[in-house]
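Taking it in order: structure first as structure tokens, then the write-up.
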Amino acid sequence: MSDLAINSPDCVASVRNTFETYEKALIDNNLAILDGYFWNSEFTVRFGVAENLYGAEAIKAYRRHCQPIGPGRTLHGTIVTTFGDSFATVSTQFHDGETDDQGRQMQTWVRFADGWKVVAAHVSVMR
């Protein structure tokens, strides 16, 4: 692993751009874009505030009945870490713009032939 490039500027920029596009789709509740950013696999996992979702189909179904994210959502403390040119993590904190709760979100991204995909995600709220 000593020759594995950590945080190559081009790779970090690529992941950050992808993450920002994902975040805009989240706020816009653009389900087609959101679905496209999750690896279409039974092995994709998303643990949320009140749900544990296993597989891309479960994540898609959840998006269609959950409360959309409000436009007041803000992020802070976002850290993108890349390993080589095909693996990354994105960690961030958020405020939903409606309560005083602070949330945390972590995503694991892998670059496939068709682009960056979330393979694992975790969302939690600090109360």
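Chain labels follow the order of the structure tokens: the first chain is A, the next B, and so on; residue numbering restarts at 1 in every chain, and ligands are counted from 1 in their shown order.
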As JSON, numbers by chain, please: every residue in chain A that a backbone DSSP assignment puts in helix (DSSP H, G or I). {"A": [9, 10, 11, 12, 13, 14, 15, 16, 17, 18, 19, 20, 21, 22, 23, 24, 25, 26, 27, 28, 31, 32, 33, 34, 35, 36, 56, 57, 58, 59, 60, 61, 62, 63]}
All residues 8 Å or closer to A:Ser8, only C-alpha atoms, same chain fewer than 2 positions away omitted, as a PDB file with N, CA and C atoms, in the first residue's frame:
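Generated output (selection_29.pdb):
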ATOM      1  N   ALA A   5      -1.791   6.000  -4.085  1.00  0.00           N
ATOM      2  CA  ALA A   5      -1.932   7.458  -4.006  1.00  0.00           C
ATOM      3  C   ALA A   5      -3.112   7.817  -3.101  1.00  0.00           C
ATOM      4  N   ILE A   6      -2.830   8.551  -2.057  1.00  0.00           N
ATOM      5  CA  ILE A   6      -3.861   9.036  -1.138  1.00  0.00           C
ATOM      6  C   ILE A   6      -4.141  10.496  -1.488  1.00  0.00           C
ATOM      7  N   ASP A  10      -6.693  15.301  -8.525  1.00  0.00           N
ATOM      8  CA  ASP A  10      -7.684  15.050  -9.576  1.00  0.00           C
ATOM      9  C   ASP A  10      -8.774  14.107  -9.091  1.00  0.00           C
ATOM     10  N   CYS A  11      -8.400  13.094  -8.346  1.00  0.00           N
ATOM     11  CA  CYS A  11      -9.383  12.130  -7.846  1.00  0.00           C
ATOM     12  C   CYS A  11     -10.278  12.780  -6.791  1.00  0.00           C
ATOM     13  N   VAL A  12      -9.694  13.546  -5.898  1.00  0.00           N
ATOM     14  CA  VAL A  12     -10.485  14.252  -4.880  1.00  0.00           C
ATOM     15  C   VAL A  12     -11.487  15.184  -5.565  1.00  0.00           C
ATOM     16  N   THR A  82      -9.495   9.904  -0.768  1.00  0.00           N
ATOM     17  CA  THR A  82      -9.421   8.945  -1.863  1.00  0.00           C
ATOM     18  C   THR A  82      -8.217   8.026  -1.673  1.00  0.00           C
ATOM     19  N   GLY A  84      -6.033   5.559  -4.142  1.00  0.00           N
ATOM     20  CA  GLY A  84      -5.896   5.229  -5.547  1.00  0.00           C
ATOM     21  C   GLY A  84      -6.877   6.087  -6.333  1.00  0.00           C
ATOM     22  N   ASP A  85      -7.323   5.577  -7.484  1.00  0.00           N
ATOM     23  CA  ASP A  85      -8.252   6.368  -8.289  1.00  0.00           C
ATOM     24  C   ASP A  85      -9.640   5.745  -8.378  1.00  0.00           C
TER      25      ASP A  85
END
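The residues of stretch 47-86 of chain A that DSSP assigns to strand (DSSP E) on this backbone come out as A:Phe47, A:Asn52, A:Leu53, A:Tyr54, A:Thr74, A:Leu75, A:His76, A:Gly77, A:Thr78, A:Ile79, A:Val80, A:Thr81, A:Thr82, A:Phe83.
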Excluding A:Leu34 and residues on its chain fewer than 3 positions from it, collect all residues at most 9 Å away from it, counting only C-alpha atoms, and give them as number ranges by chain. A: 22-23, 25-26, 29-31, 37-38, 60, 63
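Rounded to one decimal, atom CA of A:Val15 and atom CA of A:Gly72 lie 23.2 Å from each other.
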Grab the atom CA of A:Thr78 to atom CA of A:Arg46 distance for me, in Å with one decimal place. 18.7 Å
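Residue neighbourhood of stretch 95-111 of chain A, excluding near-sequence residues (fewer than 2 positions): A:Gly70, A:Gly72, A:Arg73, A:Thr74, A:Leu75, A:Ser86, A:Phe87, A:Ala88, A:Thr89, A:Val90, A:Ser91, A:Thr92, A:Gln93, A:Ala113, A:Gly115, A:Trp116, A:Lys117, A:Val118, A:Val119, A:Ala120, A:Ala121, A:His122, A:Val123, A:Ser124, A:Val125, A:Met126, A:Arg127, at 7 Å, using only C-alpha atoms.
Minimum atom-to-atom distances from A:Asp114, A:Asp28, A:Glu20, A:Glu57 to A:Ser41 were compared using only C-alpha atoms, and the lowest value belongs to A:Glu57.
The two atoms in question, atom CA of A:Gly55 and atom CA of A:Phe112, are spaced 17.1 Å apart.
The shortest atom-to-atom distance to A:Arg64, with only C-alpha atoms taken into account, belongs to A:Ala32 out of A:Ala32, A:Asn52, A:Phe19, A:Trp39.
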